[in-house]
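Read the structure below first, then the notes.
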There are 2 protein chains.
Amino acid sequence: MANFNEHDLTDEVLRSFAKTPNARLKFLIEETVKSLHDLVRRTELTFEEWNQAIEFLTRTGQTCTPLRQEFILLSDVLGVSMLVDAINHREREGATETTVLGPFYVGEHRVTPHGANISEGIDGEVMFVQSRVTDLAGKPLVGAEIDVWHADDDGFYDSQKADYAAHGPSLRARFVTGADGRFSFRTILPCSYPIPTDGPVGDLITTTKRHPMRPAHVHFLVKAEGYEPLITHVFLDGDEYLRSDVVFGVKDELIARVEPRSEPALPNGERVSGPWHLMTYDFQMRPGAGLVPQPMMAAE
Amino acid sequence: MANFNEHDLTDEVLRSFAKTPNARLKFLIEETVKSLHDLVRRTELTFEEWNQAIEFLTRTGQTCTPLRQEFILLSDVLGVSMLVDAINHREREGATETTVLGPFYVGEHRVTPHGANISEGIDGEVMFVQSRVTDLAGKPLVGAEIDVWHADDDGFYDSQKADYAAHGPSLRARFVTGADGRFSFRTILPCSYPIPTDGPVGDLITTTKRHPMRPAHVHFLVKAEGYEPLITHVFLDGDEYLRSDVVFGVKDELIARVEPRSEPALPNGERVSGPWHLMTYDFQMRPGAGLVPQPMMAAE
């Protein structure tokens, strides 16, 4: 039949997907169609608004580059990423809490010696991070891989800088645990920062009078054979945006007190002049498996 | 507060948009957030599926070019475009029915004399189109602008061809009505054709075992001062895909019987050898105003 009205059109669209071989895909498409159609009917969306939505989605796709994922950012600021996280991590059983991946997991994460300085050439207050990866019973996990990345003192990730291709990664590394499950590194104290506001997601945030800030944090992606990959951040206690993170990513368990220190040497033996900061945070891994996100690409 | 669970997270996201100055935008965002969150909860979307959705949307945006609008195509095959059409054209009061704009309204539409051949250099069976633009009472509308576009005998629009920039538009033109409200042109008989299947929307159609076909049609966009812009197609009766259009765009009132003719001259006086086809279809315009879609860009 032709001449679908606003009520029977949805049924006809659902029927068109009836032969989808994969049952899960069929279900996901059916529910998406129902949601979208219901949204259009409920809002009485105008042709002009539909047109603006098409343009917004197109610009979002075209703002993506090998080093920038604007659709993840959109998912983040709409709380969708954290909802997917919540639904897929209902039972933590003592495992470390998870949070969003974020749009800056872009590679490349070079395996780096314990205690190394990953902030070479970057200005900022010295921070030393010490951590241990264990199972739920506290047994150290050997050979766990930990990808670490965080923003600099001005709130920018290495991959956001024009000279990334030439200079390669900084404030970004991979560590592998030894027999004691431990790893550590020297870096700088991250600060709170705005998500990129020069794209369509930034326009959305500005137009709706939201603030674009994320509280200071370090990203960790921990992988260990036989355990669920752990995607998380460790947030710095005291940050003014801990209660209004633009991507809704904060969980109380992920806030670490960063201690002010004044010893003349870091735990790795390196001598420092002046005060520094010590972050201590351990990760408890849950048995299982799961998708390991792939970096969008390695730097050229 | 932090530590949102899957139930209170939605409320927190809605609260974050509370200061949106434009009330309609606020409503649209709130309803979109509720729909999206409800969809994620209802489907228990996995992290891997979320990742695939991000990739699909990104590819869709990146498949768009100044001459190709993959997000409109996605909206079309999900029936969203026709739903927006249905909701915004509930009362036709005798006006011509509307249908989707489609992804090939790309410009440029050169004003062309009545009776002209818009298929110069294109193979196919000759078709002559004659039409009249009137108000609801049948009074001819003077100075109405009619943009016309359709696919060739192989199912391709001019803008899909590699040599579009060099050769410029074909099977695409603009006519302006005179005092009698009439316009006419010579072209070729369009055929049914598949939507582009080399992008993410094509992948969706293939994976779900839908057919990608649209029944043969000619696009018309009619604009007249003081009247609602009319976005529509005229479909050719007898096409095998009239009841299963991949974009759900067919309405019975838009199907025209194309008459087989054998006179040695077309209505414009041009002599032809062999049979030809005559399409006669008139447009009734409804008083009002509305958004006129802009071509994505003129050809270089």
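Naming works like this for the structure tokens: A, B, ... for the chains as they're shown, residue 1 at the start of each chain, ligands 1 onward in shown order.
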Legend entry - Check: which chain A residues lie within 6 Å of chain B using only C-alpha atoms, as a ChimeraX atom specification: /A:1-3,6,19-20,58,61-62,83,86,208-209,243,250-251
Residue selection dump (N, CA, C and O atoms) as a PDB file, in the first residue's frame:
ATOM      1  N   MET A   1       0.826  -1.204   0.000  1.00  0.00           N
ATOM      2  CA  MET A   1       0.000   0.000   0.000  1.00  0.00           C
ATOM      3  C   MET A   1       0.861   1.254   0.000  1.00  0.00           C
ATOM      4  O   MET A   1       1.996   1.264   0.469  1.00  0.00           O
ATOM      5  N   ALA A   2       0.326   2.299  -0.530  1.00  0.00           N
ATOM      6  CA  ALA A   2       1.020   3.591  -0.479  1.00  0.00           C
ATOM      7  C   ALA A   2       0.191   4.504   0.425  1.00  0.00           C
ATOM      8  O   ALA A   2      -0.650   4.025   1.180  1.00  0.00           O
ATOM      9  N   ASN A   3       0.445   5.801   0.385  1.00  0.00           N
ATOM     10  CA  ASN A   3      -0.332   6.752   1.202  1.00  0.00           C
ATOM     11  C   ASN A   3      -0.275   6.427   2.685  1.00  0.00           C
ATOM     12  O   ASN A   3      -1.307   6.310   3.348  1.00  0.00           O
ATOM     13  N   GLU A   6       0.743   9.198   9.382  1.00  0.00           N
ATOM     14  CA  GLU A   6       1.750   9.268  10.445  1.00  0.00           C
ATOM     15  C   GLU A   6       1.649   8.098  11.419  1.00  0.00           C
ATOM     16  O   GLU A   6       2.546   7.886  12.218  1.00  0.00           O
ATOM     17  N   LYS A  19      13.166  -9.041   7.281  1.00  0.00           N
ATOM     18  CA  LYS A  19      14.037 -10.149   6.831  1.00  0.00           C
ATOM     19  C   LYS A  19      15.471 -10.024   7.351  1.00  0.00           C
ATOM     20  O   LYS A  19      16.354 -10.767   6.917  1.00  0.00           O
ATOM     21  N   THR A  20      15.737  -9.098   8.242  1.00  0.00           N
ATOM     22  CA  THR A  20      17.093  -8.929   8.775  1.00  0.00           C
ATOM     23  C   THR A  20      17.551 -10.242   9.426  1.00  0.00           C
ATOM     24  O   THR A  20      16.918 -10.723  10.361  1.00  0.00           O
ATOM     25  N   THR A  58      25.537  16.074  10.069  1.00  0.00           N
ATOM     26  CA  THR A  58      26.530  16.079   8.988  1.00  0.00           C
ATOM     27  C   THR A  58      27.808  16.782   9.443  1.00  0.00           C
ATOM     28  O   THR A  58      28.912  16.269   9.270  1.00  0.00           O
ATOM     29  N   GLY A  61      29.777  14.618  11.879  1.00  0.00           N
ATOM     30  CA  GLY A  61      30.575  13.601  11.176  1.00  0.00           C
ATOM     31  C   GLY A  61      31.794  14.211  10.503  1.00  0.00           C
ATOM     32  O   GLY A  61      32.881  13.632  10.514  1.00  0.00           O
ATOM     33  N   GLN A  62      31.600  15.389   9.941  1.00  0.00           N
ATOM     34  CA  GLN A  62      32.699  15.975   9.175  1.00  0.00           C
ATOM     35  C   GLN A  62      33.728  16.660  10.069  1.00  0.00           C
ATOM     36  O   GLN A  62      34.823  16.996   9.606  1.00  0.00           O
ATOM     37  N   LEU A  83      25.503   6.437  30.273  1.00  0.00           N
ATOM     38  CA  LEU A  83      24.380   5.511  30.426  1.00  0.00           C
ATOM     39  C   LEU A  83      24.772   4.122  29.915  1.00  0.00           C
ATOM     40  O   LEU A  83      24.471   3.104  30.560  1.00  0.00           O
ATOM     41  N   ALA A  86      26.843   2.715  32.557  1.00  0.00           N
ATOM     42  CA  ALA A  86      26.076   2.287  33.745  1.00  0.00           C
ATOM     43  C   ALA A  86      25.395   0.942  33.499  1.00  0.00           C
ATOM     44  O   ALA A  86      25.409   0.048  34.359  1.00  0.00           O
ATOM     45  N   THR A 208      23.034  26.319  24.561  1.00  0.00           N
ATOM     46  CA  THR A 208      22.167  25.902  25.665  1.00  0.00           C
ATOM     47  C   THR A 208      22.659  26.423  27.008  1.00  0.00           C
ATOM     48  O   THR A 208      22.137  26.040  28.049  1.00  0.00           O
ATOM     49  N   LYS A 209      23.675  27.303  26.973  1.00  0.00           N
ATOM     50  CA  LYS A 209      24.205  27.954  28.181  1.00  0.00           C
ATOM     51  C   LYS A 209      24.731  26.957  29.215  1.00  0.00           C
ATOM     52  O   LYS A 209      24.612  27.193  30.424  1.00  0.00           O
ATOM     53  N   ARG A 243      31.320  18.284  40.518  1.00  0.00           N
ATOM     54  CA  ARG A 243      29.870  18.063  40.636  1.00  0.00           C
ATOM     55  C   ARG A 243      29.101  18.531  39.401  1.00  0.00           C
ATOM     56  O   ARG A 243      27.870  18.488  39.382  1.00  0.00           O
ATOM     57  N   VAL A 250      31.896  11.684  36.469  1.00  0.00           N
ATOM     58  CA  VAL A 250      32.509  11.520  37.792  1.00  0.00           C
ATOM     59  C   VAL A 250      31.776  10.467  38.624  1.00  0.00           C
ATOM     60  O   VAL A 250      30.545  10.435  38.656  1.00  0.00           O
ATOM     61  N   LYS A 251      32.539   9.615  39.289  1.00  0.00           N
ATOM     62  CA  LYS A 251      31.997   8.731  40.328  1.00  0.00           C
ATOM     63  C   LYS A 251      32.863   8.927  41.555  1.00  0.00           C
ATOM     64  O   LYS A 251      34.089   9.054  41.436  1.00  0.00           O
TER      65      LYS A 251
END
Inset, instruction - Run DSSP on the backbone of this structure and report the residues of segment 20-228 of chain B it assigns to strand (DSSP E or B), as number ranges by chain. - result: B: 65, 68, 111, 117, 126-134, 140, 145-149, 172-176, 182-188, 193-194, 213-214, 217-223, 227
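As for atom CA of Gly155 of chain A and atom CA of Ser192 of chain A, they are spaced 6.6 Å apart.
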Inset, instruction - Apply DSSP to the backbone of this structure and, from segment 23-131 of chain A, keep only the residues in alpha helix (DSSP H); write these as a PyMOL selection string. - result: chain A and resi 23-43+47-63+70-77+80-88
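Put simply, atom CA of Pro275 of chain B is 11.8 Å away from atom CA of Gly124 of chain B.
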Legend entry - Nearby residues (only C-alpha atoms) at most 12 Å from segment 125-128 of chain B, same-chain spacing under 2 positions excluded, as a ChimeraX atom specification: /B:114-120,122-123,130-131,152-153,171,183-191,218,236,258-262,265-281
